[in-house]
file input20.cif (mmCIF, C-alpha atoms)
data_entry
#
loop_
_atom_site.group_PDB
_atom_site.id
_atom_site.type_symbol
_atom_site.label_atom_id
_atom_site.label_comp_id
_atom_site.auth_asym_id
_atom_site.auth_seq_id
_atom_site.Cartn_x
_atom_site.Cartn_y
_atom_site.Cartn_z
ATOM 1 C CA MET A 1 10.416 -28.797 15.772
ATOM 2 C CA SER A 2 10.539 -27.547 19.334
ATOM 3 C CA VAL A 3 7.469 -26.455 21.282
ATOM 4 C CA GLN A 4 8.723 -22.860 21.166
ATOM 5 C CA GLU A 5 9.127 -22.962 17.379
ATOM 6 C CA ARG A 6 5.635 -24.405 16.977
ATOM 7 C CA LYS A 7 4.157 -21.671 19.197
ATOM 8 C CA GLU A 8 5.981 -18.979 17.212
ATOM 9 C CA ARG A 9 4.717 -20.440 13.933
ATOM 10 C CA GLU A 10 1.155 -20.608 15.273
ATOM 11 C CA ARG A 11 1.406 -17.025 16.484
ATOM 12 C CA ALA A 12 2.647 -15.850 13.073
ATOM 13 C CA ASP A 13 -0.179 -17.782 11.378
ATOM 14 C CA ARG A 14 -2.763 -16.148 13.669
ATOM 15 C CA GLU A 15 -1.306 -12.717 12.959
ATOM 16 C CA ARG A 16 -1.503 -13.317 9.190
ATOM 17 C CA LEU A 17 -5.099 -14.492 9.623
ATOM 18 C CA ILE A 18 -6.014 -11.341 11.548
ATOM 19 C CA VAL A 19 -4.473 -9.076 8.893
ATOM 20 C CA ALA A 20 -6.023 -11.011 6.004
ATOM 21 C CA THR A 21 -9.451 -10.968 7.658
ATOM 22 C CA ALA A 22 -9.226 -7.249 8.423
ATOM 23 C CA ARG A 23 -8.233 -6.582 4.849
ATOM 24 C CA GLU A 24 -11.091 -8.712 3.513
ATOM 25 C CA LEU A 25 -13.643 -6.978 5.753
ATOM 26 C CA ALA A 26 -12.320 -3.539 4.806
ATOM 27 C CA GLU A 27 -12.398 -4.294 1.076
ATOM 28 C CA GLN A 28 -15.942 -5.666 1.308
ATOM 29 C CA HIS A 29 -17.534 -3.243 3.775
ATOM 30 C CA GLY A 30 -15.082 -0.398 4.440
ATOM 31 C CA TRP A 31 -12.806 0.242 7.399
ATOM 32 C CA ASP A 32 -15.710 1.193 9.674
ATOM 33 C CA ALA A 33 -16.786 -2.463 9.522
ATOM 34 C CA VAL A 34 -13.428 -3.596 10.897
ATOM 35 C CA THR A 35 -13.840 -3.886 14.650
ATOM 36 C CA THR A 36 -11.967 -6.072 17.075
ATOM 37 C CA ARG A 37 -15.221 -7.813 18.002
ATOM 38 C CA ARG A 38 -16.076 -8.587 14.381
ATOM 39 C CA LEU A 39 -12.506 -9.718 13.683
ATOM 40 C CA ALA A 40 -12.522 -11.992 16.721
ATOM 41 C CA GLU A 41 -15.796 -13.549 15.576
ATOM 42 C CA ARG A 42 -14.543 -14.053 12.020
ATOM 43 C CA ILE A 43 -11.237 -15.642 12.976
ATOM 44 C CA GLU A 44 -12.895 -17.628 15.779
ATOM 45 C CA TYR A 45 -10.578 -16.420 18.509
ATOM 46 C CA SER A 46 -11.377 -14.319 21.543
ATOM 47 C CA GLN A 47 -10.769 -10.568 21.596
ATOM 48 C CA PRO A 48 -7.950 -11.022 24.162
ATOM 49 C CA VAL A 49 -6.151 -13.264 21.647
ATOM 50 C CA LEU A 50 -6.531 -10.555 19.022
ATOM 51 C CA TYR A 51 -5.201 -7.963 21.468
ATOM 52 C CA SER A 52 -2.211 -10.186 22.193
ATOM 53 C CA HIS A 53 -1.172 -9.528 18.568
ATOM 54 C CA PHE A 54 -2.341 -5.938 18.021
ATOM 55 C CA ARG A 55 -3.157 -3.224 20.536
ATOM 56 C CA GLY A 56 -6.097 -2.132 18.440
ATOM 57 C CA LYS A 57 -7.443 -1.221 15.061
ATOM 58 C CA ARG A 58 -4.719 1.365 14.425
ATOM 59 C CA GLU A 59 -2.006 -1.318 14.555
ATOM 60 C CA ILE A 60 -4.074 -3.597 12.323
ATOM 61 C CA ILE A 61 -4.391 -0.784 9.780
ATOM 62 C CA GLY A 62 -0.628 -0.333 9.987
ATOM 63 C CA ALA A 63 -0.045 -4.036 9.346
ATOM 64 C CA VAL A 64 -2.356 -3.921 6.316
ATOM 65 C CA ALA A 65 -0.517 -0.822 5.079
ATOM 66 C CA LEU A 66 2.861 -2.534 5.329
ATOM 67 C CA GLU A 67 1.573 -5.573 3.468
ATOM 68 C CA GLY A 68 0.063 -3.300 0.820
ATOM 69 C CA ALA A 69 3.289 -1.332 0.438
ATOM 70 C CA ALA A 70 5.182 -4.548 -0.286
ATOM 71 C CA GLU A 71 2.557 -5.590 -2.840
ATOM 72 C CA MET A 72 2.543 -2.174 -4.508
ATOM 73 C CA ALA A 73 6.349 -2.148 -4.725
ATOM 74 C CA ALA A 74 6.276 -5.565 -6.388
ATOM 75 C CA ALA A 75 3.563 -4.483 -8.855
ATOM 76 C CA VAL A 76 5.393 -1.281 -9.788
ATOM 77 C CA ARG A 77 8.710 -3.092 -10.214
ATOM 78 C CA ALA A 78 7.136 -5.833 -12.329
ATOM 79 C CA ALA A 79 5.444 -3.309 -14.618
ATOM 80 C CA ALA A 80 8.552 -1.150 -14.972
ATOM 81 C CA SER A 81 10.937 -4.044 -15.528
ATOM 82 C CA ALA A 82 8.841 -5.355 -18.411
ATOM 83 C CA VAL A 83 9.571 -2.256 -20.503
ATOM 84 C CA PRO A 84 13.061 -1.268 -21.721
ATOM 85 C CA ASP A 85 12.260 2.278 -22.921
ATOM 86 C CA PRO A 86 12.464 4.915 -20.109
ATOM 87 C CA ARG A 87 9.312 6.778 -21.194
ATOM 88 C CA ALA A 88 7.275 3.598 -21.555
ATOM 89 C CA ARG A 89 8.702 2.381 -18.216
ATOM 90 C CA VAL A 90 7.451 5.504 -16.424
ATOM 91 C CA ALA A 91 4.023 5.145 -18.058
ATOM 92 C CA ALA A 92 3.901 1.463 -17.044
ATOM 93 C CA LEU A 93 4.854 2.408 -13.484
ATOM 94 C CA ALA A 94 2.073 5.012 -13.381
ATOM 95 C CA ARG A 95 -0.508 2.557 -14.720
ATOM 96 C CA ALA A 96 0.565 -0.097 -12.219
ATOM 97 C CA TYR A 97 0.309 2.375 -9.341
ATOM 98 C CA LEU A 98 -3.153 3.575 -10.378
ATOM 99 C CA ASP A 99 -4.292 0.003 -11.016
ATOM 100 C CA PHE A 100 -3.121 -1.044 -7.548
ATOM 101 C CA ALA A 101 -5.062 1.839 -5.967
ATOM 102 C CA THR A 102 -8.194 0.928 -7.943
ATOM 103 C CA ARG A 103 -8.034 -2.815 -7.224
ATOM 104 C CA ASN A 104 -7.212 -2.396 -3.507
ATOM 105 C CA PRO A 105 -9.102 0.658 -2.238
ATOM 106 C CA ALA A 106 -9.126 -0.337 1.442
ATOM 107 C CA VAL A 107 -5.444 -1.249 1.380
ATOM 108 C CA TYR A 108 -4.669 2.018 -0.398
ATOM 109 C CA ASP A 109 -6.612 3.873 2.305
ATOM 110 C CA ALA A 110 -4.636 2.022 4.991
ATOM 111 C CA MET A 111 -1.422 3.055 3.284
ATOM 112 C CA PHE A 112 -2.168 6.721 2.658
ATOM 113 C CA GLN A 113 -5.440 7.926 4.180
ATOM 114 C CA LEU A 114 -5.823 6.276 7.586
ATOM 115 C CA ASP A 115 -3.716 6.474 10.714
ATOM 116 C CA GLY A 116 -1.854 3.208 10.984
ATOM 117 C CA GLY A 117 0.733 4.634 13.342
ATOM 118 C CA LEU A 118 3.463 4.452 10.694
ATOM 119 C CA ALA A 119 6.139 7.066 10.190
ATOM 120 C CA PHE A 120 6.705 8.294 6.647
ATOM 121 C CA ALA A 121 9.865 10.060 5.488
ATOM 122 C CA HIS A 122 11.672 9.531 8.791
ATOM 123 C CA GLU A 123 14.599 7.516 9.975
ATOM 124 C CA ASP A 124 12.252 5.022 11.635
ATOM 125 C CA THR A 125 10.040 4.559 8.572
ATOM 126 C CA PRO A 126 9.337 0.819 8.249
ATOM 127 C CA GLU A 127 11.243 -0.975 5.484
ATOM 128 C CA PRO A 128 8.181 -1.873 3.353
ATOM 129 C CA LEU A 129 7.310 1.843 3.077
ATOM 130 C CA LYS A 130 10.902 2.750 2.214
ATOM 131 C CA ASP A 131 10.956 -0.013 -0.373
ATOM 132 C CA ALA A 132 7.699 1.167 -1.971
ATOM 133 C CA PHE A 133 9.240 4.609 -2.428
ATOM 134 C CA ALA A 134 12.453 3.008 -3.720
ATOM 135 C CA ALA A 135 10.393 1.089 -6.306
ATOM 136 C CA LEU A 136 9.153 4.429 -7.655
ATOM 137 C CA LEU A 137 12.577 6.072 -7.437
ATOM 138 C CA GLU A 138 14.258 3.286 -9.424
ATOM 139 C CA SER A 139 12.400 4.275 -12.598
ATOM 140 C CA LEU A 140 11.581 7.898 -11.913
ATOM 141 C CA GLY A 141 15.044 8.938 -10.789
ATOM 142 C CA GLU A 142 16.436 8.360 -14.271
ATOM 143 C CA VAL A 143 13.934 10.778 -15.857
ATOM 144 C CA ALA A 144 14.094 13.596 -13.309
ATOM 145 C CA GLY A 145 16.149 15.845 -15.550
ATOM 146 C CA ASP A 146 19.377 17.729 -15.120
ATOM 147 C CA GLY A 147 19.776 19.562 -11.851
ATOM 148 C CA ILE A 148 16.663 18.014 -10.289
ATOM 149 C CA HIS A 149 17.128 15.780 -7.278
ATOM 150 C CA PRO A 150 15.747 12.306 -8.167
ATOM 151 C CA GLY A 151 14.084 11.890 -4.755
ATOM 152 C CA LEU A 152 12.349 15.244 -5.027
ATOM 153 C CA PHE A 153 11.158 14.455 -8.545
ATOM 154 C CA THR A 154 9.857 11.081 -7.332
ATOM 155 C CA GLU A 155 7.940 12.792 -4.511
ATOM 156 C CA VAL A 156 6.258 15.182 -6.969
ATOM 157 C CA PHE A 157 5.417 12.417 -9.435
ATOM 158 C CA TRP A 158 4.101 10.232 -6.605
ATOM 159 C CA ALA A 159 1.981 13.127 -5.329
ATOM 160 C CA ALA A 160 0.491 13.514 -8.804
ATOM 161 C CA LEU A 161 -0.281 9.789 -8.994
ATOM 162 C CA HIS A 162 -1.813 9.852 -5.527
ATOM 163 C CA GLY A 163 -3.941 12.826 -6.502
ATOM 164 C CA LEU A 164 -5.148 11.064 -9.643
ATOM 165 C CA ALA A 165 -5.932 7.887 -7.704
ATOM 166 C CA THR A 166 -7.754 9.709 -4.921
ATOM 167 C CA LEU A 167 -9.723 12.127 -7.119
ATOM 168 C CA THR A 168 -10.766 9.409 -9.561
ATOM 169 C CA ARG A 169 -11.921 7.135 -6.773
ATOM 170 C CA ALA A 170 -13.889 9.961 -5.164
ATOM 171 C CA GLY A 171 -15.702 10.571 -8.444
ATOM 172 C CA ARG A 172 -14.070 13.972 -8.917
ATOM 173 C CA LEU A 173 -12.411 12.857 -12.173
ATOM 174 C CA PRO A 174 -14.075 10.738 -14.864
ATOM 175 C CA PRO A 175 -12.569 7.223 -14.778
ATOM 176 C CA GLY A 176 -12.470 6.872 -18.567
ATOM 177 C CA ASP A 177 -9.686 9.433 -19.020
ATOM 178 C CA THR A 178 -7.045 7.649 -16.935
ATOM 179 C CA GLU A 179 -4.823 6.754 -19.893
ATOM 180 C CA GLN A 180 -4.791 10.354 -21.166
ATOM 181 C CA ARG A 181 -3.885 11.572 -17.676
ATOM 182 C CA VAL A 182 -1.005 9.089 -17.487
ATOM 183 C CA GLU A 183 0.286 10.196 -20.890
ATOM 184 C CA LEU A 184 0.028 13.875 -19.924
ATOM 185 C CA LEU A 185 1.784 13.254 -16.626
ATOM 186 C CA VAL A 186 4.618 11.365 -18.318
ATOM 187 C CA ASP A 187 4.948 13.890 -21.165
ATOM 188 C CA ARG A 188 4.961 16.983 -18.943
ATOM 189 C CA LEU A 189 6.900 15.817 -15.899
ATOM 190 C CA ALA A 190 9.407 13.248 -17.052
ATOM 191 C CA ILE A 191 12.416 14.514 -19.000
ATOM 192 C CA ILE A 192 13.063 11.745 -21.466
#
call {"tool": "encode", "arguments": {"input": "input20.cif", "output": "structure tokens"}}
result
Amino acid sequence: MSVQERKERERADRERLIVATARELAEQHGWDAVTTRRLAERIEYSQPVLYSHFRGKREIIGAVALEGAAEMAAAVRAAASAVPDPRARVAALARAYLDFATRNPAVYDAMFQLDGGLAFAHEDTPEPLKDAFAALLESLGEVAGDGIHPGLFTEVFWAALHGLATLTRAGRLPPGDTEQRVELLVDRLAII
């Protein structure tokens, strides 16, 4: 291995450490606890080293969001692929999405609530975000119904899931009724 390759590997390892530490801090104490000073202390590097990877907290949030989008896409695909029936597949997708949001609140916030400097629904949208939407579209597009654009249907279904996740987490909806909400959402929106 050349010196340059070793340096690139070390740099990538440091970047992963920064993102993992930011994510851990955010999940434990909230995003307000994630500061460059605290991150530098935790990873045992100086703040200038941290800034050589990310210009600031916004870019770190964006990196966490991209990692979360990839994880969410994998979770949704795994849940949907385990079920052959279209209706059950959509319900499994919805449960996986809501479960991801519940298990990873800080990551979910990085993805959808905080400014991570990422473009959504644009040409320059990063691939992990496009792929997360594609993971939803793969199952939802087939149940959109006649004359309804699959992408538009997926946006509406996603918005409903996001609303359920956000309102439940904020204590605006009782958490015990999640399964009934999923069933209602699938029954009323998906044409199966």
call {"tool": "closest_residue", "arguments": {"input": "input20.cif", "among": "A:Phe133, A:Gly163, A:Glu67, A:Phe100", "to": "A:Pro150", "atoms": "only C-alpha atoms"}}
result
A:Phe133
call {"tool": "closest_residue", "arguments": {"input": "input20.cif", "among": "A:His122, A:Arg89, A:His53, A:Arg103", "to": "A:Glu27", "atoms": "all atoms listed in the file"}}
result
A:Arg103
call {"tool": "atom_distance", "arguments": {"input": "input20.cif", "atom1": "atom CA of A:Leu152", "atom2": "atom CA of A:Leu118"}}
result
21.0 Å
call {"tool": "residues_around", "arguments": {"input": "input20.cif", "residues": "A:Arg14", "least_positions_apart": "6", "cutoff": "12 Å", "atoms": "all atoms listed in the file", "output": "ChimeraX atom specification"}}
result
/A:7-8,20-21,39-40,43-46,49-54
call {"tool": "atom_distance", "arguments": {"input": "input20.cif", "atom1": "atom CA of A:Leu137", "atom2": "atom CA of A:Ala110"}}
result
21.6 Å
call {"tool": "residues_around", "arguments": {"input": "input20.cif", "residues": "A:Asp131", "least_positions_apart": "4", "cutoff": "8 Å", "atoms": "all atoms listed in the file", "output": "PDB file with C-alpha atoms, in the frame of the given file"}}
result
ATOM      1  CA  ALA A  69       3.289  -1.332   0.438  1.00  0.00           C
ATOM      2  CA  ALA A  70       5.182  -4.548  -0.286  1.00  0.00           C
ATOM      3  CA  ALA A  73       6.349  -2.148  -4.725  1.00  0.00           C
ATOM      4  CA  GLU A 127      11.243  -0.975   5.484  1.00  0.00           C
ATOM      5  CA  ALA A 135      10.393   1.089  -6.306  1.00  0.00           C
TER       6      ALA A 135
END
call {"tool": "residues_near_point", "arguments": {"input": "input20.cif", "point": "(-8.8, 9.0, 14.0)", "cutoff": "9 Å", "atoms": "all atoms listed in the file", "output": "VMD selection string"}}
result
chain A and resid 58 114 to 115
call {"tool": "atom_distance", "arguments": {"input": "input20.cif", "atom1": "atom CA of A:Asp187", "atom2": "atom CA of A:Leu129"}}
result
27.2 Å
call {"tool": "resolve_selection", "arguments": {"input": "input20.cif", "expression": "the PyMOL selection byres ((chain A and resi 145) around 8)", "output": "NGL selection string"}}
result
:A and (142-144 or 146-148 or 190-192)
call {"tool": "write_last_selection", "arguments": {"input": "input20.cif", "atoms": "C-alpha atoms", "output": "PDB file, in the frame of the given file"}}
result
ATOM      1  CA  GLU A 142      16.436   8.360 -14.271  1.00  0.00           C
ATOM      2  CA  VAL A 143      13.934  10.778 -15.857  1.00  0.00           C
ATOM      3  CA  ALA A 144      14.094  13.596 -13.309  1.00  0.00           C
ATOM      4  CA  ASP A 146      19.377  17.729 -15.120  1.00  0.00           C
ATOM      5  CA  GLY A 147      19.776  19.562 -11.851  1.00  0.00           C
ATOM      6  CA  ILE A 148      16.663  18.014 -10.289  1.00  0.00           C
ATOM      7  CA  ALA A 190       9.407  13.248 -17.052  1.00  0.00           C
ATOM      8  CA  ILE A 191      12.416  14.514 -19.000  1.00  0.00           C
ATOM      9  CA  ILE A 192      13.063  11.745 -21.466  1.00  0.00           C
TER      10      ILE A 192
END
call {"tool": "closest_residue", "arguments": {"input": "input20.cif", "among": "A:Thr166, A:Gln4, A:Thr36, A:Gln180", "to": "A:Ala106", "atoms": "all atoms listed in the file"}}
result
A:Thr166
call {"tool": "closest_residue", "arguments": {"input": "input20.cif", "among": "A:Glu24, A:Asp32, A:Asp99, A:Asp109", "to": "A:Leu66", "atoms": "all atoms listed in the file"}}
result
A:Asp109
call {"tool": "closest_residue", "arguments": {"input": "input20.cif", "among": "A:Arg42, A:Gly171, A:Gly117, A:Pro86", "to": "A:Gly56", "atoms": "only C-alpha atoms"}}
result
A:Gly117
call {"tool": "residues_around", "arguments": {"input": "input20.cif", "residues": "A:Phe120", "least_positions_apart": "5", "cutoff": "9 Å", "atoms": "all atoms listed in the file", "output": "list in words"}}
result
Thr125, Pro126, Leu129 and Lys130 of chain A
call {"tool": "write_last_selection", "arguments": {"input": "input20.cif", "atoms": "C-alpha atoms", "output": "PDB file, in the frame of the given file"}}
result
ATOM      1  CA  THR A 125      10.040   4.559   8.572  1.00  0.00           C
ATOM      2  CA  PRO A 126       9.337   0.819   8.249  1.00  0.00           C
ATOM      3  CA  LEU A 129       7.310   1.843   3.077  1.00  0.00           C
ATOM      4  CA  LYS A 130      10.902   2.750   2.214  1.00  0.00           C
TER       5      LYS A 130
END
call {"tool": "closest_residue", "arguments": {"input": "input20.cif", "among": "A:Ile18, A:Met72, A:Pro105, A:Ser139", "to": "A:Asp85", "atoms": "only C-alpha atoms"}}
result
A:Ser139
call {"tool": "axis_aligned_box", "arguments": {"input": "input20.cif", "around": "stretch 86-103 of chain A", "padding_each_side": "3 Å", "output": "AutoDock Vina command-line options"}}
result
--center_x 2.1 --center_y 2.0 --center_z -13.8 --size_x 26.7 --size_y 15.6 --size_z 21.6
call {"tool": "residues_around", "arguments": {"input": "input20.cif", "residues": "A:Thr154", "least_positions_apart": "5", "cutoff": "7 Å", "atoms": "all atoms listed in the file", "output": "MDAnalysis selection string"}}
result
chainID A and resid 136:137 140:141
